[in-house]
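Source file: start-v2.cif. Holds: mmCIF, C-alpha atoms.
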```
data_work
#
loop_
_atom_site.label_atom_id
_atom_site.label_comp_id
_atom_site.auth_asym_id
_atom_site.auth_seq_id
_atom_site.Cartn_x
_atom_site.Cartn_y
_atom_site.Cartn_z
CA MET A 77 52.82 -27.15 -18.56
CA ARG A 78 52.47 -23.55 -19.72
CA GLU A 79 55.23 -24.11 -22.27
CA TRP A 80 53.33 -27.03 -23.80
CA HIS A 81 50.91 -26.56 -26.64
CA PRO A 82 47.41 -25.79 -25.26
CA ALA A 83 45.92 -28.82 -27.04
CA VAL A 84 48.33 -31.18 -25.25
CA SER A 85 47.69 -29.59 -21.84
CA ALA A 86 43.92 -29.65 -22.37
CA LEU A 87 43.91 -33.29 -23.47
CA LEU A 88 46.04 -34.38 -20.50
CA LEU A 89 43.99 -32.52 -17.89
CA LEU A 90 40.66 -33.63 -19.39
CA ALA A 91 41.87 -37.25 -19.43
CA LEU A 92 42.88 -37.02 -15.77
CA LEU A 93 39.62 -35.32 -14.87
CA PHE A 94 37.37 -37.93 -16.51
CA LEU A 95 39.41 -40.96 -15.44
CA SER A 96 39.39 -39.69 -11.85
CA ALA A 97 35.67 -38.98 -11.92
CA PHE A 98 34.62 -42.49 -12.98
CA SER A 99 36.72 -44.74 -10.79
CA THR A 100 36.44 -45.59 -7.08
CA GLU A 101 39.48 -47.86 -7.03
CA PRO A 102 41.74 -46.90 -4.08
CA PHE A 103 44.93 -46.98 -6.17
CA VAL A 104 43.44 -44.70 -8.81
CA ILE A 105 42.10 -42.29 -6.20
CA LEU A 106 45.41 -42.10 -4.31
CA CYS A 107 47.41 -41.56 -7.51
CA SER A 108 45.00 -38.89 -8.69
CA LEU A 109 44.99 -37.07 -5.34
CA ALA A 110 48.78 -37.24 -5.05
CA GLY A 111 49.30 -35.94 -8.58
CA GLY A 112 46.64 -33.23 -8.32
CA LEU A 113 47.76 -31.92 -4.91
CA THR A 114 51.41 -31.96 -5.96
CA PHE A 115 50.64 -29.93 -9.06
CA CYS A 116 48.52 -27.47 -7.06
CA ALA A 117 51.39 -27.11 -4.57
CA MET A 118 53.81 -26.32 -7.40
CA THR A 119 51.45 -23.70 -8.84
CA GLY A 120 50.68 -21.99 -5.53
CA GLY A 121 47.26 -23.37 -4.58
CA ALA A 122 48.02 -26.23 -2.18
CA LYS A 123 46.55 -24.69 0.98
CA ASN A 124 43.03 -24.12 -0.31
CA GLN A 125 43.04 -27.39 -2.24
CA LEU A 126 44.07 -29.36 0.85
CA LYS A 127 41.25 -27.78 2.82
CA THR A 128 38.78 -28.65 0.08
CA THR A 129 40.08 -32.23 -0.12
CA PHE A 130 39.84 -32.88 3.61
CA PHE A 131 36.39 -31.29 3.78
CA VAL A 132 34.96 -33.30 0.87
CA VAL A 133 36.43 -36.61 2.06
CA ALA A 134 35.26 -36.00 5.64
CA VAL A 135 31.72 -35.07 4.57
CA PHE A 136 31.24 -38.18 2.42
CA THR A 137 32.91 -40.45 4.99
CA VAL A 138 30.52 -39.27 7.71
CA THR A 139 27.31 -38.96 5.70
CA ASN A 140 27.45 -42.10 3.54
CA PRO A 141 26.94 -44.54 6.50
CA LEU A 142 23.82 -42.58 7.44
CA PHE A 143 22.16 -43.49 4.13
CA SER A 144 23.81 -46.80 3.27
CA HIS A 145 23.71 -49.59 5.83
CA ARG A 146 25.11 -52.41 3.74
CA GLY A 147 28.15 -54.29 4.96
CA GLU A 148 29.15 -57.17 7.16
CA GLN A 149 31.36 -55.40 9.70
CA VAL A 150 29.07 -53.36 11.97
CA LEU A 151 30.85 -50.63 13.92
CA PHE A 152 27.89 -49.42 16.02
CA TYR A 153 24.18 -48.68 15.82
CA LEU A 154 22.72 -45.20 15.41
CA ASN A 155 18.95 -44.89 15.91
CA HIS A 156 18.67 -48.65 15.40
CA ASN A 157 20.51 -48.39 12.08
CA ALA A 158 23.80 -50.18 11.55
CA VAL A 159 26.86 -48.09 10.76
CA THR A 160 29.18 -50.43 8.88
CA LEU A 161 32.85 -50.23 8.05
CA ASP A 162 32.07 -50.95 4.41
CA ALA A 163 29.83 -47.88 4.18
CA VAL A 164 32.49 -45.70 5.82
CA LEU A 165 35.18 -46.87 3.40
CA LEU A 166 32.85 -46.44 0.43
CA GLY A 167 32.08 -42.88 1.53
CA ALA A 168 35.80 -42.14 1.84
CA ARG A 169 36.40 -43.51 -1.66
CA ILE A 170 33.56 -41.45 -3.14
CA GLY A 171 34.84 -38.35 -1.36
CA GLY A 172 38.37 -39.02 -2.58
CA MET A 173 37.11 -39.47 -6.13
CA LEU A 174 35.26 -36.14 -6.01
CA ALA A 175 38.18 -34.35 -4.34
CA ALA A 176 40.60 -35.65 -6.98
CA SER A 177 38.29 -34.44 -9.74
CA LEU A 178 38.15 -31.01 -8.11
CA CYS A 179 41.96 -30.94 -7.95
CA TRP A 180 42.27 -31.52 -11.68
CA PHE A 181 39.46 -29.07 -12.42
CA SER A 182 41.39 -26.45 -10.43
CA ALA A 183 44.55 -27.36 -12.37
CA PHE A 184 42.61 -26.96 -15.61
CA GLY A 185 41.72 -23.41 -14.63
CA ARG A 186 45.31 -22.64 -13.66
CA VAL A 187 46.92 -23.90 -16.86
CA LEU A 188 44.33 -23.02 -19.50
CA ASP A 189 43.83 -19.29 -19.15
CA THR A 190 41.54 -17.19 -21.33
CA GLU A 191 44.13 -16.81 -24.09
CA ARG A 192 44.59 -20.58 -24.42
CA LEU A 193 40.86 -21.28 -24.27
CA VAL A 194 40.15 -18.76 -27.00
CA TYR A 195 42.94 -20.30 -29.09
CA LEU A 196 41.51 -23.82 -28.70
CA LEU A 197 37.83 -22.99 -29.21
CA GLY A 198 37.86 -19.66 -31.01
CA ARG A 199 37.74 -20.98 -34.57
CA ALA A 200 35.23 -23.81 -34.13
CA PHE A 201 33.10 -22.36 -31.28
CA PRO A 202 33.76 -18.62 -31.03
CA LYS A 203 30.72 -17.85 -28.87
CA THR A 204 31.50 -20.71 -26.47
CA ALA A 205 35.14 -19.60 -26.23
CA LEU A 206 34.12 -16.02 -25.47
CA LEU A 207 31.59 -17.19 -22.87
CA LEU A 208 34.10 -19.46 -21.09
CA SER A 209 36.86 -16.87 -21.10
CA SER A 210 34.49 -14.22 -19.75
CA ALA A 211 33.24 -16.56 -17.01
CA LEU A 212 36.77 -17.47 -15.93
CA ARG A 213 37.70 -13.81 -15.72
CA MET A 214 34.47 -12.79 -14.01
CA ILE A 215 34.90 -14.81 -10.81
CA PRO A 216 38.32 -13.47 -9.67
CA ARG A 217 37.45 -9.99 -10.93
CA ALA A 218 34.23 -9.97 -8.89
CA SER A 219 36.17 -11.09 -5.82
CA ARG A 220 38.73 -8.29 -6.20
CA ARG A 221 36.03 -5.70 -6.79
CA ASN A 222 34.05 -6.90 -3.79
CA THR A 223 37.14 -6.37 -1.62
CA ALA A 224 37.70 -2.91 -3.09
CA VAL A 225 34.05 -1.90 -2.59
CA LYS A 226 34.12 -3.23 0.96
CA GLU A 227 37.20 -1.19 1.85
CA ALA A 228 35.78 1.93 0.20
CA ARG A 229 32.40 1.72 1.93
CA ALA A 230 34.05 0.86 5.24
CA GLY A 231 36.26 3.94 4.87
CA ALA A 232 33.12 6.01 4.31
CA ASP A 233 31.71 4.57 7.55
CA LEU A 234 28.68 3.03 5.84
CA GLY A 235 28.73 -0.13 7.96
CA GLY A 236 26.84 -0.79 11.16
CA GLU A 237 27.41 -2.56 14.45
CA GLY A 238 24.47 -4.94 14.61
CA ALA A 239 24.13 -8.27 12.84
CA LEU A 240 21.38 -6.96 10.55
CA GLU A 241 23.43 -3.91 9.62
CA LYS A 242 26.45 -6.07 8.84
CA LEU A 243 24.26 -8.29 6.65
CA ARG A 244 22.95 -5.27 4.77
CA PHE A 245 26.49 -3.92 4.44
CA GLY A 246 27.73 -7.20 2.92
CA ALA A 247 24.74 -7.49 0.59
CA GLY A 248 25.30 -3.92 -0.59
CA ASN A 249 28.99 -4.63 -1.28
CA LEU A 250 28.13 -7.75 -3.25
CA SER A 251 25.44 -5.95 -5.24
CA VAL A 252 27.81 -3.16 -6.26
CA ALA A 253 30.63 -5.58 -7.14
CA LEU A 254 28.37 -7.81 -9.24
CA GLY A 255 26.89 -4.79 -11.02
CA MET A 256 30.35 -3.54 -11.93
CA THR A 257 31.42 -7.01 -13.11
CA LEU A 258 28.33 -7.53 -15.27
CA GLU A 259 28.69 -4.07 -16.78
CA SER A 260 32.31 -4.88 -17.62
CA ALA A 261 31.27 -8.20 -19.21
CA ILE A 262 28.69 -6.47 -21.40
CA ARG A 263 31.24 -3.86 -22.43
CA SER A 264 33.77 -6.60 -23.29
CA GLY A 265 31.17 -8.44 -25.38
CA ASN A 266 30.30 -5.30 -27.33
CA THR A 267 33.99 -4.61 -27.88
CA MET A 268 34.63 -8.12 -29.22
CA LYS A 269 31.62 -7.85 -31.51
CA ALA A 270 32.85 -4.52 -32.85
CA ARG A 271 36.23 -6.09 -33.58
CA GLY A 272 34.60 -8.81 -35.67
CA PHE A 273 35.17 -11.73 -33.33
CA GLY A 274 33.66 -14.92 -34.73
CA LEU A 275 33.14 -13.67 -38.28
CA PRO A 276 34.01 -16.15 -41.08
CA GLY A 277 37.50 -15.75 -42.46
CA ARG A 278 38.72 -13.65 -39.57
CA THR A 279 42.39 -14.30 -38.77
CA ALA A 280 44.01 -14.07 -35.36
CA TYR A 281 47.60 -13.76 -34.21
CA THR A 282 48.81 -16.44 -31.84
CA LEU A 283 52.06 -17.30 -30.13
CA PHE A 284 51.32 -21.03 -29.93
CA ARG A 285 53.11 -23.35 -32.32
CA PHE A 286 52.86 -27.14 -32.40
CA ALA A 287 56.50 -28.24 -32.00
CA PRO A 288 57.91 -31.78 -32.42
CA ARG A 289 58.13 -32.01 -28.64
CA ASP A 290 54.39 -31.44 -28.44
CA GLY A 291 53.82 -34.27 -30.92
CA VAL A 292 55.81 -36.67 -28.70
CA LEU A 293 53.91 -35.52 -25.62
CA LEU A 294 50.57 -35.86 -27.39
CA GLY A 295 51.37 -39.42 -28.45
CA ALA A 296 52.50 -40.32 -24.92
CA VAL A 297 49.35 -38.81 -23.38
CA LEU A 298 47.07 -40.68 -25.80
CA LEU A 299 48.86 -43.99 -25.21
CA LEU A 300 48.85 -43.62 -21.43
CA THR A 301 45.19 -42.56 -21.46
CA VAL A 302 44.10 -45.61 -23.47
CA LEU A 303 46.16 -48.00 -21.32
CA SER A 304 44.91 -46.36 -18.11
CA ALA A 305 41.26 -46.56 -19.18
CA TRP A 306 41.68 -50.19 -20.21
CA GLY A 307 43.41 -51.05 -16.95
CA ILE A 308 40.75 -49.32 -14.85
CA LEU A 309 37.86 -50.93 -16.72
CA ARG A 310 39.41 -54.42 -16.70
CA GLU A 311 40.99 -53.99 -13.24
CA ILE A 312 44.44 -54.87 -14.54
CA PRO A 313 47.03 -53.66 -11.98
CA MET A 314 49.93 -53.41 -14.43
CA LEU A 315 47.95 -51.16 -16.76
CA SER A 316 46.62 -49.10 -13.85
CA ILE A 317 50.23 -48.10 -13.17
CA CYS A 318 50.04 -46.14 -16.42
CA PHE A 319 47.49 -43.93 -14.70
CA GLY A 320 50.05 -43.13 -12.01
CA VAL A 321 52.51 -42.07 -14.71
CA LEU A 322 49.78 -39.97 -16.33
CA CYS A 323 49.09 -38.24 -13.00
CA ALA A 324 52.77 -37.43 -12.60
CA LEU A 325 53.15 -35.76 -16.02
CA PRO A 326 51.76 -32.30 -15.00
CA SER A 327 54.08 -32.08 -11.99
CA LEU A 328 57.06 -33.28 -14.02
CA GLY A 329 56.35 -30.69 -16.70
CA GLU A 330 55.93 -27.91 -14.14
CA GLY A 331 59.07 -28.96 -12.26
CA ARG A 332 61.10 -28.99 -15.48
CA GLU A 333 59.99 -25.46 -16.29
CA LYS A 334 60.88 -24.21 -12.78
CA LEU A 335 64.34 -25.75 -13.03
CA ARG A 336 64.92 -24.14 -16.42
CA TRP A 337 63.99 -20.71 -15.06
CA ARG A 338 66.26 -21.10 -12.02
CA SER A 339 69.25 -22.39 -13.95
#
```
Represent the structure of the file as structure tokens.
Amino acid sequence: MREWHPAVSALLLLALLFLSAFSTEPFVILCSLAGGLTFCAMTGGAKNQLKTTFFVVAVFTVTNPLFSHRGEQVLFYLNHNAVTLDAVLLGARIGGMLAASLCWFSAFGRVLDTERLVYLLGRAFPKTALLLSSALRMIPRASRRNTAVKEARAGADLGGEGALEKLRFGAGNLSVALGMTLESAIRSGNTMKARGFGLPGRTAYTLFRFAPRDGVLLGAVLLLTVLSAWGILREIPMLSICFGVLCALPSLGEGREKLRWRS
């Protein structure tokens, strides 16, 4: 998907994200989870995403029957409250819906890096583009700096043995890492302002060009999105299959790029 035009990638991932977030149909959830996890596996993030998926589904499956007692098939009673099969299945569906949305949100962050976000939003919303790009860079940078600060302070023997000393040591590492990250963000903002970012009439060089292939992909994504939304709203199985095709597009695009690089 990185060879596609950023507008096509953004539209596809946003469509998958919103369609997954507003449907509790089992077919839609399974297609969305399968497509999202497959794409994360192809981009190197399957392990963490699988853990997140199992955790979210398990939490909602267990907790939903504790608050909702509706259903005809009673499994057992807990503190005189019925735990029903319907509530368990509903919790699993809600958890699957949320986990699928998180998969596509993670894919969005993998595909649309800071350069692509600035390209898409820089002209219309320059401040928003700068804020989003800075936020996306801040999280991994803070994590790397926290690791570096931890190793440096541990090498200087600044840690302790007790639980309270370890807590203070970790809090000190986090404080230093966040301070460095915020200082870097302020410096980046001042640099962009000095370069005239966001001023009217300012031009910018970009490598992205809207090719005929992107036009075909954009039309296919729009058509599949409309058919999928209509099928989900009207509960039409044949149209819901379009959603399965839509979920497979990111993996197909990523697989095609990997084959081209290996050949």
| Picked residues, the PyMOL selection byres ((chain A and resi 192) around 10), expected as an NGL selection string | :A and (78 or 81-83 or 85-86 or 187-191 or 193-198 or 205 or 209 or 282-284)
| field | atom CA of A:Gly112 to atom CA of A:Glu311, distance in Å rounded to a single decimal | value |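 So the answer is 22.1 Å.
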| note | Of A:Leu161, A:Met268, A:Ala228, A:Leu240, the one sitting nearest A:Lys203 when using all atoms listed in the file is A:Met268
| task | Can you work out the spacing between atom CA of A:Leu142 and atom CA of A:Asn155 in Å, to one decimal? | result |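 According to the coordinates, atom CA of A:Leu142 and atom CA of A:Asn155 are separated by 10.0 Å.
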| request: Please indicate the distance in Å from atom CA of A:Arg186 to atom CA of A:Ala91, rounded to one decimal place. | output: 16.1 Å
Enumerate, as a PDB file with C-alpha atoms, keeping the file's coordinate frame, the residues matched when the PyMOL selection byres ((chain A and resi 165-170) around 7) is run on the file above.
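What follows is the written file part06.pdb:
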```pdb
ATOM      1  CA  THR A 100      36.440 -45.590  -7.080  1.00  0.00           C
ATOM      2  CA  PRO A 102      41.740 -46.900  -4.080  1.00  0.00           C
ATOM      3  CA  VAL A 133      36.430 -36.610   2.060  1.00  0.00           C
ATOM      4  CA  PHE A 136      31.240 -38.180   2.420  1.00  0.00           C
ATOM      5  CA  THR A 137      32.910 -40.450   4.990  1.00  0.00           C
ATOM      6  CA  ASN A 140      27.450 -42.100   3.540  1.00  0.00           C
ATOM      7  CA  LEU A 161      32.850 -50.230   8.050  1.00  0.00           C
ATOM      8  CA  ASP A 162      32.070 -50.950   4.410  1.00  0.00           C
ATOM      9  CA  ALA A 163      29.830 -47.880   4.180  1.00  0.00           C
ATOM     10  CA  VAL A 164      32.490 -45.700   5.820  1.00  0.00           C
ATOM     11  CA  GLY A 171      34.840 -38.350  -1.360  1.00  0.00           C
ATOM     12  CA  GLY A 172      38.370 -39.020  -2.580  1.00  0.00           C
ATOM     13  CA  MET A 173      37.110 -39.470  -6.130  1.00  0.00           C
ATOM     14  CA  LEU A 174      35.260 -36.140  -6.010  1.00  0.00           C
TER      15      LEU A 174
END
```
| task | Name the residues in contact with stretch 219-221 of chain A at a cut-off of 10 Å, using all atoms listed in the file, excluding same-chain residues fewer than 4 positions from it; report them as a list of chain:residue names. | result | A:Met214, A:Ile215, A:Val225, A:Lys226, A:Glu227, A:Asn249, A:Leu250, A:Val252, A:Ala253, A:Leu254, A:Met256, A:Thr257
Contacts of A:Cys323 at 12 Å or less, counting all atoms listed in the file, minus same-chain residues fewer than 4 places along, as a compact mmCIF listing (two decimals) with C-alpha atoms, in the coordinates of the input?
```txt
# COMPACT_ATOMS: atom_id res chain seq x y z
CA LEU A 88 46.04 -34.38 -20.50
CA LEU A 89 43.99 -32.52 -17.89
CA LEU A 90 40.66 -33.63 -19.39
CA ALA A 91 41.87 -37.25 -19.43
CA LEU A 92 42.88 -37.02 -15.77
CA LEU A 93 39.62 -35.32 -14.87
CA LEU A 95 39.41 -40.96 -15.44
CA SER A 96 39.39 -39.69 -11.85
CA PHE A 103 44.93 -46.98 -6.17
CA VAL A 104 43.44 -44.70 -8.81
CA ILE A 105 42.10 -42.29 -6.20
CA LEU A 106 45.41 -42.10 -4.31
CA CYS A 107 47.41 -41.56 -7.51
CA SER A 108 45.00 -38.89 -8.69
CA LEU A 109 44.99 -37.07 -5.34
CA ALA A 110 48.78 -37.24 -5.05
CA GLY A 111 49.30 -35.94 -8.58
CA GLY A 112 46.64 -33.23 -8.32
CA LEU A 113 47.76 -31.92 -4.91
CA THR A 114 51.41 -31.96 -5.96
CA PHE A 115 50.64 -29.93 -9.06
CA ALA A 176 40.60 -35.65 -6.98
CA SER A 177 38.29 -34.44 -9.74
CA CYS A 179 41.96 -30.94 -7.95
CA TRP A 180 42.27 -31.52 -11.68
CA ALA A 183 44.55 -27.36 -12.37
CA VAL A 297 49.35 -38.81 -23.38
CA LEU A 300 48.85 -43.62 -21.43
CA THR A 301 45.19 -42.56 -21.46
CA SER A 304 44.91 -46.36 -18.11
CA SER A 316 46.62 -49.10 -13.85
CA ILE A 317 50.23 -48.10 -13.17
CA CYS A 318 50.04 -46.14 -16.42
CA PHE A 319 47.49 -43.93 -14.70
CA SER A 327 54.08 -32.08 -11.99
CA LEU A 328 57.06 -33.28 -14.02
CA GLY A 329 56.35 -30.69 -16.70
```
A:Asp290 environment, 10 Å, all atoms listed in the file, sequence neighbours closer than 2 positions dropped, as an mmCIF file with C-alpha atoms, in the coordinates of the input:
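Saved file part.cif follows:
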```cif
data_model
loop_
_atom_site.group_PDB
_atom_site.id
_atom_site.type_symbol
_atom_site.label_atom_id
_atom_site.label_comp_id
_atom_site.auth_asym_id
_atom_site.auth_seq_id
_atom_site.Cartn_x
_atom_site.Cartn_y
_atom_site.Cartn_z
ATOM 1 C CA GLU A 79 55.230 -24.110 -22.270
ATOM 2 C CA TRP A 80 53.330 -27.030 -23.800
ATOM 3 C CA HIS A 81 50.910 -26.560 -26.640
ATOM 4 C CA PRO A 82 47.410 -25.790 -25.260
ATOM 5 C CA ALA A 83 45.920 -28.820 -27.040
ATOM 6 C CA VAL A 84 48.330 -31.180 -25.250
ATOM 7 C CA SER A 85 47.690 -29.590 -21.840
ATOM 8 C CA ARG A 285 53.110 -23.350 -32.320
ATOM 9 C CA PHE A 286 52.860 -27.140 -32.400
ATOM 10 C CA ALA A 287 56.500 -28.240 -32.000
ATOM 11 C CA PRO A 288 57.910 -31.780 -32.420
ATOM 12 C CA VAL A 292 55.810 -36.670 -28.700
ATOM 13 C CA LEU A 293 53.910 -35.520 -25.620
ATOM 14 C CA LEU A 294 50.570 -35.860 -27.390
ATOM 15 C CA GLY A 295 51.370 -39.420 -28.450
ATOM 16 C CA ALA A 296 52.500 -40.320 -24.920
#
```
